[in-house]
$ cat run_22.cif   # mmCIF, C-alpha atoms and all ligand atoms
data_final
#
loop_
_atom_site.label_atom_id
_atom_site.label_comp_id
_atom_site.auth_asym_id
_atom_site.auth_seq_id
_atom_site.Cartn_x
_atom_site.Cartn_y
_atom_site.Cartn_z
CA MET B 23 0.00 0.00 0.00
CA ASN B 24 1.32 3.47 -0.85
CA LYS B 25 1.21 6.65 1.21
CA SER B 26 -1.63 8.24 -0.75
CA ALA B 27 -3.86 5.19 -0.18
CA LEU B 28 -3.15 5.44 3.55
CA ILE B 29 -3.97 9.17 3.57
CA ALA B 30 -7.21 8.51 1.66
CA GLN B 31 -8.18 5.90 4.23
CA ILE B 32 -7.46 8.31 7.10
CA LYS B 33 -9.70 10.93 5.48
CA GLN B 34 -12.48 8.47 4.76
CA LYS B 35 -12.53 6.91 8.25
CA GLU B 36 -11.62 10.15 10.06
CA SER B 37 -9.19 8.03 12.01
CA PHE B 38 -5.47 7.49 12.33
CA LEU B 39 -5.83 4.62 14.75
CA CYS B 40 -3.58 1.57 14.64
CA ILE B 41 -4.70 -1.40 16.72
CA GLY B 42 -1.97 -3.59 18.17
CA LEU B 43 -2.71 -7.31 18.04
CA ASP B 44 -0.53 -8.46 20.94
CA VAL B 45 -2.26 -11.68 21.87
CA ASP B 46 -1.54 -13.29 25.21
CA LEU B 47 -3.44 -16.55 25.80
CA ALA B 48 -3.44 -15.84 29.54
CA LYS B 49 -5.45 -12.65 28.91
CA ILE B 50 -7.97 -13.58 26.24
CA PRO B 51 -11.54 -14.61 27.17
CA THR B 52 -11.51 -18.20 28.38
CA HIS B 53 -14.34 -19.34 26.08
CA LEU B 54 -11.97 -18.82 23.12
CA LEU B 55 -9.51 -21.36 24.48
CA GLU B 56 -11.87 -24.12 23.32
CA LYS B 57 -11.44 -23.02 19.69
CA LYS B 58 -9.02 -24.74 17.31
CA ASP B 59 -6.94 -21.57 16.93
CA PRO B 60 -7.77 -19.23 19.86
CA ILE B 61 -5.26 -16.57 18.79
CA PHE B 62 -6.70 -16.27 15.29
CA GLU B 63 -10.28 -16.41 16.59
CA PHE B 64 -9.52 -13.55 19.01
CA ASN B 65 -7.91 -11.47 16.24
CA LYS B 66 -10.65 -12.19 13.72
CA GLN B 67 -13.41 -11.04 16.05
CA LEU B 68 -11.44 -7.93 17.03
CA ILE B 69 -10.73 -7.04 13.39
CA ASP B 70 -14.34 -7.59 12.31
CA ALA B 71 -15.55 -5.36 15.14
CA THR B 72 -13.06 -2.50 14.66
CA HIS B 73 -12.01 -2.35 10.99
CA ASN B 74 -14.22 0.70 10.30
CA LEU B 75 -12.52 2.63 13.09
CA ALA B 76 -8.87 1.77 12.44
CA VAL B 77 -6.58 2.34 9.46
CA ALA B 78 -3.83 -0.05 10.54
CA TYR B 79 -3.23 -3.20 12.56
CA LYS B 80 0.08 -4.02 14.18
CA PRO B 81 0.70 -7.55 15.40
CA ASN B 82 3.82 -7.56 17.53
CA ILE B 83 5.67 -10.66 16.32
CA ALA B 84 6.96 -11.57 19.81
CA PHE B 85 3.43 -12.46 20.87
CA TYR B 86 3.25 -15.07 18.08
CA GLU B 87 6.82 -16.38 18.23
CA ALA B 88 6.26 -17.06 21.93
CA TYR B 89 3.88 -19.88 20.90
CA GLY B 90 6.29 -21.47 18.42
CA ILE B 91 4.96 -22.93 15.19
CA LYS B 92 1.33 -22.59 16.37
CA GLY B 93 1.83 -18.87 16.97
CA TRP B 94 3.44 -18.41 13.57
CA LYS B 95 0.47 -20.16 11.91
CA SER B 96 -1.94 -17.88 13.78
CA LEU B 97 0.04 -14.86 12.59
CA LYS B 98 -0.10 -16.06 8.99
CA LYS B 99 -3.86 -16.65 9.23
CA THR B 100 -4.32 -13.18 10.73
CA ILE B 101 -2.39 -11.34 8.01
CA ASN B 102 -4.09 -13.41 5.29
CA TYR B 103 -7.47 -12.59 6.82
CA LEU B 104 -6.69 -8.87 6.83
CA ASN B 105 -5.33 -8.87 3.28
CA LYS B 106 -8.27 -10.84 1.91
CA ASN B 107 -11.14 -9.16 3.74
CA TYR B 108 -9.87 -5.65 4.43
CA PRO B 109 -7.25 -4.90 1.74
CA GLU B 110 -7.52 -1.15 2.44
CA ILE B 111 -5.97 -1.65 5.91
CA PHE B 112 -2.28 -0.83 6.40
CA THR B 113 -0.51 -3.75 8.07
CA ILE B 114 2.56 -3.47 10.28
CA ALA B 115 4.77 -6.34 11.39
CA ASP B 116 6.22 -5.04 14.64
CA ALA B 117 9.32 -7.24 14.44
CA LYS B 118 12.16 -4.76 15.11
CA ARG B 119 14.52 -6.56 12.74
CA GLY B 120 17.87 -5.44 11.24
CA ASP B 121 21.13 -7.34 10.64
CA ILE B 122 23.98 -7.50 8.15
CA GLY B 123 22.72 -6.94 4.62
CA ASN B 124 22.18 -10.50 3.39
CA THR B 125 20.38 -11.42 6.63
CA SER B 126 18.18 -8.31 6.48
CA THR B 127 17.24 -9.35 2.95
CA ARG B 128 15.92 -12.65 4.32
CA TYR B 129 13.96 -10.82 7.03
CA ALA B 130 12.49 -8.52 4.38
CA LYS B 131 11.48 -11.50 2.21
CA ALA B 132 9.86 -13.22 5.20
CA PHE B 133 7.68 -10.26 6.16
CA PHE B 134 7.10 -8.56 2.79
CA GLU B 135 6.87 -11.57 0.48
CA ASP B 136 5.89 -14.64 2.48
CA LEU B 137 3.62 -12.90 5.00
CA ASN B 138 2.79 -9.95 2.73
CA PHE B 139 2.80 -7.21 5.37
CA ASP B 140 2.77 -3.60 4.10
CA SER B 141 5.48 -2.60 6.55
CA ILE B 142 7.92 -3.74 9.22
CA THR B 143 9.61 -2.06 12.17
CA VAL B 144 13.40 -2.06 11.92
CA ALA B 145 16.11 -1.16 14.44
CA PRO B 146 18.67 1.34 13.03
CA TYR B 147 21.57 0.27 15.26
CA MET B 148 23.50 -1.64 12.57
CA GLY B 149 23.36 1.22 10.08
CA SER B 150 22.55 1.83 6.44
CA ASP B 151 23.39 -1.58 4.95
CA SER B 152 21.18 -3.26 7.55
CA VAL B 153 18.17 -1.12 6.62
CA GLU B 154 18.53 -0.73 2.85
CA PRO B 155 17.46 -4.33 2.06
CA PHE B 156 14.04 -3.42 3.51
CA LEU B 157 13.90 -0.14 1.59
CA ALA B 158 14.69 -1.99 -1.63
CA PHE B 159 11.07 -3.22 -1.64
CA GLU B 160 9.43 -0.42 -3.62
CA ASN B 161 5.83 -0.81 -2.47
CA LYS B 162 6.60 -1.56 1.16
CA THR B 163 7.29 0.71 4.12
CA THR B 164 10.19 0.46 6.55
CA ILE B 165 9.44 1.87 9.98
CA LEU B 166 12.65 2.84 11.71
CA LEU B 167 12.88 3.08 15.51
CA ALA B 168 13.78 6.70 16.32
CA LEU B 169 12.68 7.55 19.87
CA THR B 170 10.92 4.66 21.55
CA SER B 171 8.22 4.88 24.20
CA ASN B 172 9.93 2.89 26.95
CA LYS B 173 11.74 4.46 29.90
CA GLY B 174 15.12 3.16 28.72
CA GLY B 175 14.48 4.61 25.27
CA LEU B 176 16.65 7.60 26.13
CA ASP B 177 19.57 5.50 27.45
CA PHE B 178 21.13 5.34 23.99
CA GLN B 179 18.69 7.20 21.71
CA GLY B 180 19.06 10.34 23.84
CA LEU B 181 22.86 10.32 23.98
CA LYS B 182 24.39 13.67 23.04
CA THR B 183 26.79 13.58 20.10
CA ASN B 184 28.69 16.38 18.31
CA THR B 185 25.79 16.57 15.88
CA GLY B 186 22.95 16.42 18.41
CA ALA B 187 21.08 13.65 20.17
CA LEU B 188 21.55 10.18 18.68
CA TYR B 189 17.87 9.79 17.71
CA LYS B 190 18.12 13.03 15.69
CA ASN B 191 21.12 11.59 13.84
CA VAL B 192 19.08 8.47 13.07
CA LEU B 193 16.36 10.65 11.52
CA LYS B 194 18.77 12.87 9.56
CA THR B 195 20.93 10.01 8.26
CA ALA B 196 17.94 7.89 7.28
CA LEU B 197 16.69 10.72 5.06
CA THR B 198 19.84 10.34 2.92
CA TRP B 199 19.18 6.66 2.17
CA LYS B 200 17.79 5.36 -1.11
CA ASN B 201 13.97 5.26 -1.13
CA ALA B 202 13.80 7.35 2.05
CA GLN B 203 10.28 8.32 0.97
CA ASN B 204 9.30 4.75 1.93
CA LEU B 205 10.29 5.36 5.55
CA MET B 206 8.22 5.97 8.63
CA PHE B 207 9.62 6.45 12.13
CA VAL B 208 8.63 5.15 15.55
CA VAL B 209 8.27 7.88 18.15
CA GLY B 210 6.70 7.04 21.51
CA ALA B 211 3.56 8.82 22.72
CA THR B 212 5.15 8.94 26.15
CA LYS B 213 7.62 11.56 24.88
CA PRO B 214 5.32 14.34 23.55
CA ALA B 215 7.83 17.10 24.30
CA TYR B 216 10.11 15.78 21.55
CA PHE B 217 7.62 15.98 18.67
CA ALA B 218 8.25 19.63 17.73
CA GLU B 219 12.01 18.98 17.30
CA ILE B 220 11.34 15.75 15.40
CA ARG B 221 8.97 17.52 13.00
CA LYS B 222 11.74 20.03 12.18
CA ILE B 223 13.80 17.09 10.82
CA VAL B 224 11.03 14.99 9.28
CA PRO B 225 8.20 17.44 8.49
CA ASN B 226 6.30 15.10 6.18
CA HIS B 227 7.08 11.50 7.08
CA PHE B 228 4.52 9.40 8.90
CA LEU B 229 5.30 8.60 12.53
CA LEU B 230 4.10 5.37 14.14
CA VAL B 231 3.30 6.38 17.71
CA PRO B 232 2.89 3.59 20.28
CA GLY B 233 2.26 4.32 23.95
CA VAL B 234 -1.33 5.62 24.05
CA GLY B 235 -3.49 3.53 26.40
CA ALA B 236 -1.65 1.12 28.69
CA GLN B 237 1.57 3.19 28.70
CA GLY B 238 -0.27 6.41 29.51
CA GLY B 239 0.59 8.53 26.44
CA ASN B 240 -1.82 11.35 25.59
CA LEU B 241 -3.29 11.59 22.08
CA GLN B 242 -3.86 15.36 22.09
CA GLU B 243 -0.35 16.10 23.36
CA VAL B 244 1.16 14.02 20.54
CA CYS B 245 -1.02 15.73 17.96
CA ASN B 246 -0.13 19.25 19.14
CA HIS B 247 3.23 19.07 17.37
CA GLY B 248 3.07 15.73 15.55
CA LEU B 249 0.30 16.34 13.00
CA THR B 250 1.15 17.27 9.41
CA LYS B 251 -1.10 18.51 6.62
CA ASP B 252 -1.68 14.85 5.67
CA CYS B 253 -2.10 13.79 9.31
CA GLY B 254 1.30 12.08 9.36
CA LEU B 255 0.54 10.01 12.45
CA LEU B 256 -0.49 6.44 13.16
CA ILE B 257 -1.39 6.21 16.82
CA ASN B 258 -1.15 2.70 18.21
CA SER B 259 -2.99 1.23 21.17
CA SER B 260 -2.72 -2.49 21.85
CA ARG B 261 -3.68 -3.61 25.39
CA GLY B 262 -5.96 -0.61 25.92
CA ILE B 263 -8.21 -1.81 23.10
CA ILE B 264 -7.85 -5.58 22.77
CA TYR B 265 -8.23 -6.25 26.49
CA ALA B 266 -10.92 -3.63 27.13
CA GLY B 267 -13.19 -6.59 27.94
CA ASN B 268 -12.47 -10.22 28.70
CA ASP B 269 -15.77 -12.05 28.45
CA ILE B 270 -18.03 -13.11 25.59
CA ASN B 271 -18.50 -9.40 24.70
CA PHE B 272 -14.77 -8.65 24.38
CA ALA B 273 -15.03 -7.53 20.74
CA LYS B 274 -17.82 -5.07 21.62
CA ALA B 275 -15.71 -3.66 24.45
CA ALA B 276 -12.75 -3.30 22.07
CA LYS B 277 -14.98 -1.56 19.55
CA LYS B 278 -16.20 0.87 22.22
CA GLU B 279 -12.63 1.83 23.14
CA ALA B 280 -11.59 2.09 19.48
CA PHE B 281 -14.65 4.28 18.84
CA ARG B 282 -13.73 6.55 21.75
CA LEU B 283 -10.26 7.10 20.29
CA GLN B 284 -11.59 7.51 16.74
CA GLN B 285 -14.05 10.18 17.89
CA GLU B 286 -11.20 12.07 19.55
CA MET B 287 -9.18 11.75 16.31
CA LYS B 288 -12.10 12.98 14.22
CA ILE B 289 -12.30 16.17 16.28
CA ILE B 290 -8.53 16.68 16.04
CA LEU B 291 -8.53 16.14 12.25
CA ASN B 292 -11.41 18.59 11.78
CA GLU B 293 -9.69 21.22 13.94
CA ASN B 294 -6.51 20.77 11.91
CA ASN B 295 -8.19 21.38 8.52
O1 LIG D 1 8.65 2.48 21.15
C1 LIG D 1 7.92 1.50 21.07
C2 LIG D 1 7.95 0.63 20.01
C3 LIG D 1 7.06 -0.39 19.97
N1 LIG D 1 6.15 -0.58 20.96
C4 LIG D 1 5.19 -1.69 20.82
O2 LIG D 1 3.89 -1.14 20.64
C5 LIG D 1 2.93 -1.89 21.38
C6 LIG D 1 2.37 -1.04 22.50
O3 LIG D 1 1.45 -1.80 23.24
P1 LIG D 1 0.49 -1.18 24.38
O4 LIG D 1 -0.22 -2.38 24.92
O5 LIG D 1 -0.45 -0.22 23.72
O6 LIG D 1 1.36 -0.53 25.37
C7 LIG D 1 3.68 -3.13 21.85
O7 LIG D 1 3.60 -4.11 20.85
C8 LIG D 1 5.10 -2.63 21.98
O8 LIG D 1 6.05 -3.68 21.88
C9 LIG D 1 6.11 0.27 22.01
O9 LIG D 1 5.30 0.16 22.93
N2 LIG D 1 7.00 1.31 22.04
#
$ encode --input "run_22.cif" --output "structure tokens" --more "lines below"
Ligand SMILES: O=c1ccn([C@@H]2O[C@H](COP(=O)(O)O)[C@@H](O)[C@H]2O)c(=O)[nH]1
Amino acid sequence: MNKSALIAQIKQKESFLCIGLDVDLAKIPTHLLEKKDPIFEFNKQLIDATHNLAVAYKPNIAFYEAYGIKGWKSLKKTINYLNKNYPEIFTIADAKRGDIGNTSTRYAKAFFEDLNFDSITVAPYMGSDSVEPFLAFENKTTILLALTSNKGGLDFQGLKTNTGALYKNVLKTALTWKNAQNLMFVVGATKPAYFAEIRKIVPNHFLLVPGVGAQGGNLQEVCNHGLTKDCGLLINSSRGIIYAGNDINFAKAAKKEAFRLQQEMKIILNENN
């Protein structure tokens, strides 16, 4: 999916919500555990209930890998279900990959070709040749970690260098890479004070913003300096939506929470126009 299709979807749904599919079998409603594939069943019901309110879904791969081959099969069924039934949705493999070039190429093939995700999160630590194999896929998006939402995010990303904080160098350097227009950046909602500076470096790129909901990030504070003329933000909430309820009505509870966020986004988008 290209950027203009994503922007069109944001306008049509009046939403820039990304729902994180971080499935933990210890947290899902117990009646689903009787199903053949409880993880997929949980995801399917959540997706069916919320697809009108969200523009993106982001399974975090750790939550599938943790269940071995069964988890990987559930992931594959989930992405196939999204691609077949809701092809307009932007899909994100939150895998945080990145390695020497030939290994990154295999990661890119796994997530872009075999699983057919629209995008993947990538760690910038190993530098240009570790990221370029992802960028080589013309119609796919590489989402580079810039300033993450966790407390330790500043341990390295915030380090001062001669040319400014390390995360700023990540942003500036990444813009010089081939196909940099296919980049997005991860910036945590828990660090709203950094958005104005970040927008000076990347005024037009989309930012994937996790940390609203369970981590306490504030949507309005992120939008104050994060929004662009094309919106430019994908705000992720995982636990806050998918575990809003944990009984037979869990999908309804998730929909209610997604609707609450979408309504807030609608107001923000209208104010910004
Ligand atoms: O900086 C980052 C990068 C990725 N994440 C991931 O996003 C979700 C957040 O889940 P919540 O339940 O909404 O807190 C999760 O998959 C993280 O691994 C992040 O939180 N921060």
$ closest_atom_pairs --input "run_22.cif" --of "chain B" --to "ligand LIG 1 (chain D)" --cutoff "9 Å" --atoms "only C-alpha atoms and all ligand atoms" --output "CSV"
residue,atom,partner,partner_atom,distance
B:Ile41,CA,D:LIG1,O5,8.3
B:Gly42,CA,D:LIG1,C5,6.1
B:Leu43,CA,D:LIG1,O7,7.6
B:Asp44,CA,D:LIG1,O7,6.0
B:Lys80,CA,D:LIG1,O7,7.5
B:Pro81,CA,D:LIG1,O7,7.1
B:Asn82,CA,D:LIG1,O7,4.8
B:Ile83,CA,D:LIG1,O7,8.2
B:Ala84,CA,D:LIG1,O8,8.2
B:Phe85,CA,D:LIG1,O7,8.4
B:Asp116,CA,D:LIG1,O7,6.8
B:Ala117,CA,D:LIG1,O8,8.9
B:Lys118,CA,D:LIG1,C3,8.3
B:Thr143,CA,D:LIG1,C3,8.4
B:Leu167,CA,D:LIG1,O1,7.1
B:Ala168,CA,D:LIG1,O1,8.2
B:Leu169,CA,D:LIG1,O1,6.6
B:Thr170,CA,D:LIG1,O1,3.2
B:Ser171,CA,D:LIG1,O1,3.9
B:Asn172,CA,D:LIG1,N2,5.9
B:Gly175,CA,D:LIG1,O1,7.4
B:Val208,CA,D:LIG1,O1,6.2
B:Val209,CA,D:LIG1,O1,6.2
B:Gly210,CA,D:LIG1,O1,5.0
B:Ala211,CA,D:LIG1,O1,8.3
B:Thr212,CA,D:LIG1,N2,8.9
B:Leu230,CA,D:LIG1,C2,8.5
B:Val231,CA,D:LIG1,O1,7.5
B:Pro232,CA,D:LIG1,O2,4.8
B:Gly233,CA,D:LIG1,O6,5.1
B:Val234,CA,D:LIG1,O5,5.9
B:Gly235,CA,D:LIG1,O5,5.5
B:Ala236,CA,D:LIG1,O6,4.8
B:Gln237,CA,D:LIG1,O6,5.0
B:Gly238,CA,D:LIG1,O6,8.2
B:Asn258,CA,D:LIG1,O5,6.3
B:Ser259,CA,D:LIG1,O5,3.9
B:Ser260,CA,D:LIG1,O5,3.7
B:Arg261,CA,D:LIG1,O4,3.7
B:Gly262,CA,D:LIG1,O5,5.9
B:Ile263,CA,D:LIG1,O5,7.9
B:Ile264,CA,D:LIG1,O4,8.5
$ axis_aligned_box --input "run_22.cif" --around "region 276-287 of chain B" --padding-each-side "5 Å" --output "AutoDock Vina command-line options"
--center_x -12.7 --center_y 4.4 --center_z 19.7 --size_x 17.0 --size_y 25.4 --size_z 16.8
$ atom_distance --input "run_22.cif" --atom1 "CA of Thr164 (chain B)" --atom2 "CA of Asn105 (chain B)"
18.4 Å
$ residues_near_point --input "run_22.cif" --point "(0.4, 8.4, 16.1)" --cutoff "12 Å" --atoms "only C-alpha atoms" --output "PyMOL selection string"
chain B and resi 32+37-41+76-78+171+206-214+217+227-234+239-250+253-259+283+287
$ atom_distance --input "run_22.cif" --atom1 "CA of Asn204 (chain B)" --atom2 "CA of Glu154 (chain B)"
10.8 Å
$ atom_distance --input "run_22.cif" --atom1 "CA of Phe133 (chain B)" --atom2 "CA of Thr72 (chain B)"
23.7 Å
$ closest_residue --input "run_22.cif" --among "B:Lys278, B:Lys25, B:Lys92, B:Lys35" --to "Lys58 (chain B)" --atoms "all atoms listed in the file"
B:Lys92
$ residues_around --input "run_22.cif" --residues "Met148 (chain B)" --least-positions-apart "5" --cutoff "9 Å" --atoms "all atoms listed in the file" --output "PyMOL selection string"
chain B and resi 120-122+153
$ closest_residue --input "run_22.cif" --among "B:Asn65, B:Ser96, B:Asn268, B:Gln284" --to "Tyr79 (chain B)" --atoms "only C-alpha atoms"
B:Asn65
$ closest_residue --input "run_22.cif" --among "B:Tyr86, B:Tyr103, B:Phe134, B:Tyr189" --to "Asn161 (chain B)" --atoms "all atoms listed in the file"
B:Phe134
$ closest_residue --input "run_22.cif" --among "B:Ser126, B:Asn184, B:Ser26, B:Asn102" --to "Asp151 (chain B)" --atoms "all atoms listed in the file"
B:Ser126
$ closest_residue --input "run_22.cif" --among "B:Leu205, B:Tyr265, B:Phe156, B:Glu279" --to "Asp46 (chain B)" --atoms "all atoms listed in the file"
B:Tyr265
$ residues_near_point --input "run_22.cif" --point "(-4.1, -13.9, 16.0)" --cutoff "7 Å" --atoms "only C-alpha atoms" --output "tab-separated table (two decimals) with C-alpha atoms, in the frame of the given file"
chain	number	residue	atom	x	y	z
B	45	VAL	CA	-2.26	-11.68	21.87
B	61	ILE	CA	-5.26	-16.57	18.79
B	62	PHE	CA	-6.70	-16.27	15.29
B	63	GLU	CA	-10.28	-16.41	16.59
B	64	PHE	CA	-9.52	-13.55	19.01
B	65	ASN	CA	-7.91	-11.47	16.24
B	96	SER	CA	-1.94	-17.88	13.78
B	97	LEU	CA	0.04	-14.86	12.59
B	100	THR	CA	-4.32	-13.18	10.73
$ residues_around --input "run_22.cif" --residues "Asn294 (chain B)" --least-positions-apart "3" --cutoff "8 Å" --atoms "all atoms listed in the file" --output "JSON list (two decimals) with C-alpha atoms, keeping the file's coordinate frame"
[["chain", "number", "residue", "atom", "x", "y", "z"],
["B", 251, "LYS", "CA", -1.10, 18.51, 6.62],
["B", 290, "ILE", "CA", -8.53, 16.68, 16.04],
["B", 291, "LEU", "CA", -8.53, 16.14, 12.25]]
$ build_atoms --input "run_22.cif" --residues "region 84-109 of chain B" --atoms "N, CA and C atoms" --output "PDB file, in the coordinates of the input"
ATOM      1  N   ALA B  84       6.569 -10.837  18.591  1.00  0.00           N
ATOM      2  CA  ALA B  84       6.960 -11.570  19.810  1.00  0.00           C
ATOM      3  C   ALA B  84       5.800 -12.375  20.381  1.00  0.00           C
ATOM      4  N   PHE B  85       4.603 -11.802  20.277  1.00  0.00           N
ATOM      5  CA  PHE B  85       3.430 -12.460  20.870  1.00  0.00           C
ATOM      6  C   PHE B  85       3.034 -13.728  20.107  1.00  0.00           C
ATOM      7  N   TYR B  86       3.532 -13.877  18.898  1.00  0.00           N
ATOM      8  CA  TYR B  86       3.250 -15.070  18.080  1.00  0.00           C
ATOM      9  C   TYR B  86       4.415 -16.050  18.193  1.00  0.00           C
ATOM     10  N   GLU B  87       5.624 -15.522  18.105  1.00  0.00           N
ATOM     11  CA  GLU B  87       6.820 -16.380  18.230  1.00  0.00           C
ATOM     12  C   GLU B  87       6.831 -17.093  19.573  1.00  0.00           C
ATOM     13  N   ALA B  88       6.269 -16.459  20.581  1.00  0.00           N
ATOM     14  CA  ALA B  88       6.260 -17.060  21.930  1.00  0.00           C
ATOM     15  C   ALA B  88       5.525 -18.401  21.945  1.00  0.00           C
ATOM     16  N   TYR B  89       4.626 -18.617  20.951  1.00  0.00           N
ATOM     17  CA  TYR B  89       3.880 -19.880  20.900  1.00  0.00           C
ATOM     18  C   TYR B  89       4.433 -20.826  19.832  1.00  0.00           C
ATOM     19  N   GLY B  90       5.650 -20.558  19.363  1.00  0.00           N
ATOM     20  CA  GLY B  90       6.290 -21.470  18.420  1.00  0.00           C
ATOM     21  C   GLY B  90       5.539 -21.560  17.100  1.00  0.00           C
ATOM     22  N   ILE B  91       5.546 -22.750  16.523  1.00  0.00           N
ATOM     23  CA  ILE B  91       4.960 -22.930  15.190  1.00  0.00           C
ATOM     24  C   ILE B  91       3.464 -22.596  15.172  1.00  0.00           C
ATOM     25  N   LYS B  92       2.777 -22.894  16.289  1.00  0.00           N
ATOM     26  CA  LYS B  92       1.330 -22.590  16.370  1.00  0.00           C
ATOM     27  C   LYS B  92       1.109 -21.077  16.283  1.00  0.00           C
ATOM     28  N   GLY B  93       1.949 -20.330  16.980  1.00  0.00           N
ATOM     29  CA  GLY B  93       1.830 -18.870  16.970  1.00  0.00           C
ATOM     30  C   GLY B  93       2.090 -18.316  15.584  1.00  0.00           C
ATOM     31  N   TRP B  94       3.097 -18.887  14.915  1.00  0.00           N
ATOM     32  CA  TRP B  94       3.440 -18.410  13.570  1.00  0.00           C
ATOM     33  C   TRP B  94       2.278 -18.675  12.605  1.00  0.00           C
ATOM     34  N   LYS B  95       1.634 -19.844  12.770  1.00  0.00           N
ATOM     35  CA  LYS B  95       0.470 -20.160  11.910  1.00  0.00           C
ATOM     36  C   LYS B  95      -0.674 -19.180  12.181  1.00  0.00           C
ATOM     37  N   SER B  96      -0.873 -18.840  13.440  1.00  0.00           N
ATOM     38  CA  SER B  96      -1.940 -17.880  13.780  1.00  0.00           C
ATOM     39  C   SER B  96      -1.637 -16.507  13.171  1.00  0.00           C
ATOM     40  N   LEU B  97      -0.353 -16.139  13.189  1.00  0.00           N
ATOM     41  CA  LEU B  97       0.040 -14.860  12.590  1.00  0.00           C
ATOM     42  C   LEU B  97      -0.257 -14.870  11.095  1.00  0.00           C
ATOM     43  N   LYS B  98       0.113 -15.968  10.446  1.00  0.00           N
ATOM     44  CA  LYS B  98      -0.100 -16.060   8.990  1.00  0.00           C
ATOM     45  C   LYS B  98      -1.601 -16.005   8.677  1.00  0.00           C
ATOM     46  N   LYS B  99      -2.405 -16.690   9.473  1.00  0.00           N
ATOM     47  CA  LYS B  99      -3.860 -16.650   9.230  1.00  0.00           C
ATOM     48  C   LYS B  99      -4.393 -15.232   9.445  1.00  0.00           C
ATOM     49  N   THR B 100      -3.850 -14.544  10.432  1.00  0.00           N
ATOM     50  CA  THR B 100      -4.320 -13.180  10.730  1.00  0.00           C
ATOM     51  C   THR B 100      -3.996 -12.221   9.579  1.00  0.00           C
ATOM     52  N   ILE B 101      -2.755 -12.267   9.098  1.00  0.00           N
ATOM     53  CA  ILE B 101      -2.390 -11.340   8.010  1.00  0.00           C
ATOM     54  C   ILE B 101      -3.144 -11.709   6.726  1.00  0.00           C
ATOM     55  N   ASN B 102      -3.323 -13.008   6.478  1.00  0.00           N
ATOM     56  CA  ASN B 102      -4.090 -13.410   5.290  1.00  0.00           C
ATOM     57  C   ASN B 102      -5.543 -12.929   5.401  1.00  0.00           C
ATOM     58  N   TYR B 103      -6.088 -13.020   6.602  1.00  0.00           N
ATOM     59  CA  TYR B 103      -7.470 -12.590   6.820  1.00  0.00           C
ATOM     60  C   TYR B 103      -7.618 -11.083   6.549  1.00  0.00           C
ATOM     61  N   LEU B 104      -6.661 -10.322   7.060  1.00  0.00           N
ATOM     62  CA  LEU B 104      -6.690  -8.870   6.830  1.00  0.00           C
ATOM     63  C   LEU B 104      -6.564  -8.555   5.345  1.00  0.00           C
ATOM     64  N   ASN B 105      -5.577  -9.182   4.692  1.00  0.00           N
ATOM     65  CA  ASN B 105      -5.330  -8.870   3.280  1.00  0.00           C
ATOM     66  C   ASN B 105      -6.513  -9.263   2.395  1.00  0.00           C
ATOM     67  N   LYS B 106      -7.158 -10.367   2.745  1.00  0.00           N
ATOM     68  CA  LYS B 106      -8.270 -10.840   1.910  1.00  0.00           C
ATOM     69  C   LYS B 106      -9.546 -10.017   2.149  1.00  0.00           C
ATOM     70  N   ASN B 107      -9.850  -9.773   3.421  1.00  0.00           N
ATOM     71  CA  ASN B 107     -11.140  -9.160   3.740  1.00  0.00           C
ATOM     72  C   ASN B 107     -11.111  -7.642   3.859  1.00  0.00           C
ATOM     73  N   TYR B 108      -9.971  -7.102   4.225  1.00  0.00           N
ATOM     74  CA  TYR B 108      -9.870  -5.650   4.430  1.00  0.00           C
ATOM     75  C   TYR B 108      -8.589  -5.129   3.764  1.00  0.00           C
ATOM     76  N   PRO B 109      -8.503  -5.241   2.425  1.00  0.00           N
ATOM     77  CA  PRO B 109      -7.250  -4.900   1.740  1.00  0.00           C
ATOM     78  C   PRO B 109      -6.861  -3.432   1.877  1.00  0.00           C
TER      79      PRO B 109
END
